Amino acid sequence: MMQRADFWDDQETARAQTQKLDRYQKTVADWLKLEADAVELIGFAELNRSESDKELGHEIESRLIKLNLRFQNFRVQALLSGKYDDHNCLLSIHAGAGGTDAQDWTEILLRMYLRYAEKSDFEAEILQKSAGGEAGIKSVMLSLRGPYAFGHLKGEAGVHRLVRLSPFNPTHTRETSFALVEVLPELESHEEIKIDPTELKIETSTARGHGGQSVNTTYSAVRITHIPTGIKVSIQNERSQHQNKAQALKILQSKLKTLEEQKRRKEKEKIRGEFHSAEWGNQIRSYVIHPYKLVRDHRTGFETHDPESVLDGELEELTGSYLEWEAAKSNSINR
C-alpha cells in the first residue's frame, strides 16, 4: 500500500497505516530478540552444564523466568489480531439491579478500570458521568487510548455480578448487585459509516457537573437518538456543544458499526446452532467478597481468590484468559 503513488493523498489514512506498520515491525523485532536471547541462554547453559556452582544455576533459572514472562506477554499480544483490536476503546458502565448497592458497584468498577488504565499506560478520560442518588454512580462512559486498548478490554463487555455484605443497610446483610459493561472500538475517520441526518434526533440541554460557571448556564449537553435502531448517546462535558455533538456522533458510529458486526456474528452462530440470546441474568463474571473470596469468569472458567487485587486493576490474567478462550472459540466456529 505504501508503495502506491497516491498513498499520501489521504494523509489521515496514510498516517494510520504507517503507525500500523511501525507496530508490526516492532512486534517482529521483539519476537526475533526473544529468539536470540533464548538461543544465547541455551548456549550458556550447555557451556556450563558440568558446573555445580549454585550461583550459576540461580542465574540461569532467573534468566529463564524472565524469558518466559516475555514470551507470555508476546503470546497475549499475538492473540490481539481482531479487526479492531489495535483501536482505542470506549467503555461504559451502567448500574443494574441492586439499588444503591448497584450504583456503588458501578463506581467500584470505574475505579478498577481507571487503575487498570494507569497500570497499562492508557490515557483515560471520563466523557459522561451520571451520579447516583444516595451513593455511587448510575452510569459512566470512558475513553481509553493506547496500543490495543480495545483488544485488551473487549472481553469486559457483559454483566458483572458482585456478592458482598451491603454497607447501605443497617443489618449489613449479604446483597447481590449487577452492573452492565459495554465496550466499543473507537473508529478511525476512514472507518466511519455514513448516517442519514434525517434519521437522527438531536437534543440539547444545560450541562450538569463540575467545570465552571458556564457549564451550567449554556446548552452544551447533547443527546443524539438514532431513530431506526433507538440507540441513544448522551455527552455532557466541560466543552462546547459543537465538541460534545462531534463526540456523540463518533460514539454513535462505533455503536452502529458494532451492531453490524454482532448481527453478522450471530447469523454465523445460528447457522452452526450455537446462538444464545444475551439476557441480563447471563453474567460473564462474578466477584464474591462474602462469605468467601472469589472472582470467576463464567466463560473461560478462570478463577482467583484475590478479588482485592482484581478490583485494584490487576486484570491481566482475566483479559489474557479471555483472549485464549476467544481464539479457541473462533477457531471452532471457522472450521
# chains A, B, ... in the order shown; residues from 1 in each chain; ligands from 1

call {"tool": "residues_around", "arguments": {"residues": "segment 287-295 of chain A", "least_positions_apart": "6", "cutoff": "6 Å", "atoms": "only C-alpha atoms", "output": "number ranges by chain"}}
result
A: 162-164, 303-305, 307

call {"tool": "residues_around", "arguments": {"residues": "segment 166-183 of chain A", "least_positions_apart": "4", "cutoff": "9 Å", "atoms": "only C-alpha atoms", "output": "PyMOL selection string"}}
result
chain A and resi 89-103+105-106+109+150+153-162+280+283+290-291

call {"tool": "residues_around", "arguments": {"residues": "Ala78 of chain A", "least_positions_apart": "3", "cutoff": "12 Å", "atoms": "only C-alpha atoms", "output": "list in words"}}
result
Arg23, Tyr24, Thr27, Val28, Asp30, Trp31, Phe71, Gln72, Asn73, Phe74, Arg75, Ser81, Gly82, Asp85, Asp86, Tyr148, Gly151, His152, Gly320, Leu323, Glu324 and Ala327 of chain A

call {"tool": "residues_around", "arguments": {"residues": "segment 120-134 of chain A", "least_positions_apart": "2", "cutoff": "9 Å", "atoms": "only C-alpha atoms", "output": "ChimeraX atom specification"}}
result
/A:92,100,103-104,114-118,136-147,149,209,234-237,247

call {"tool": "select_by_dssp", "arguments": {"residues": "segment 100-190 of chain A", "states": "helix (DSSP H, G or I)", "output": "JSON, numbers by chain"}}
result
{"A": [100, 101, 102, 103, 104, 105, 106, 107, 108, 109, 110, 111, 112, 113, 114, 115, 116, 117, 118, 119, 149, 150, 151, 152, 153, 154, 155, 156, 189, 190]}
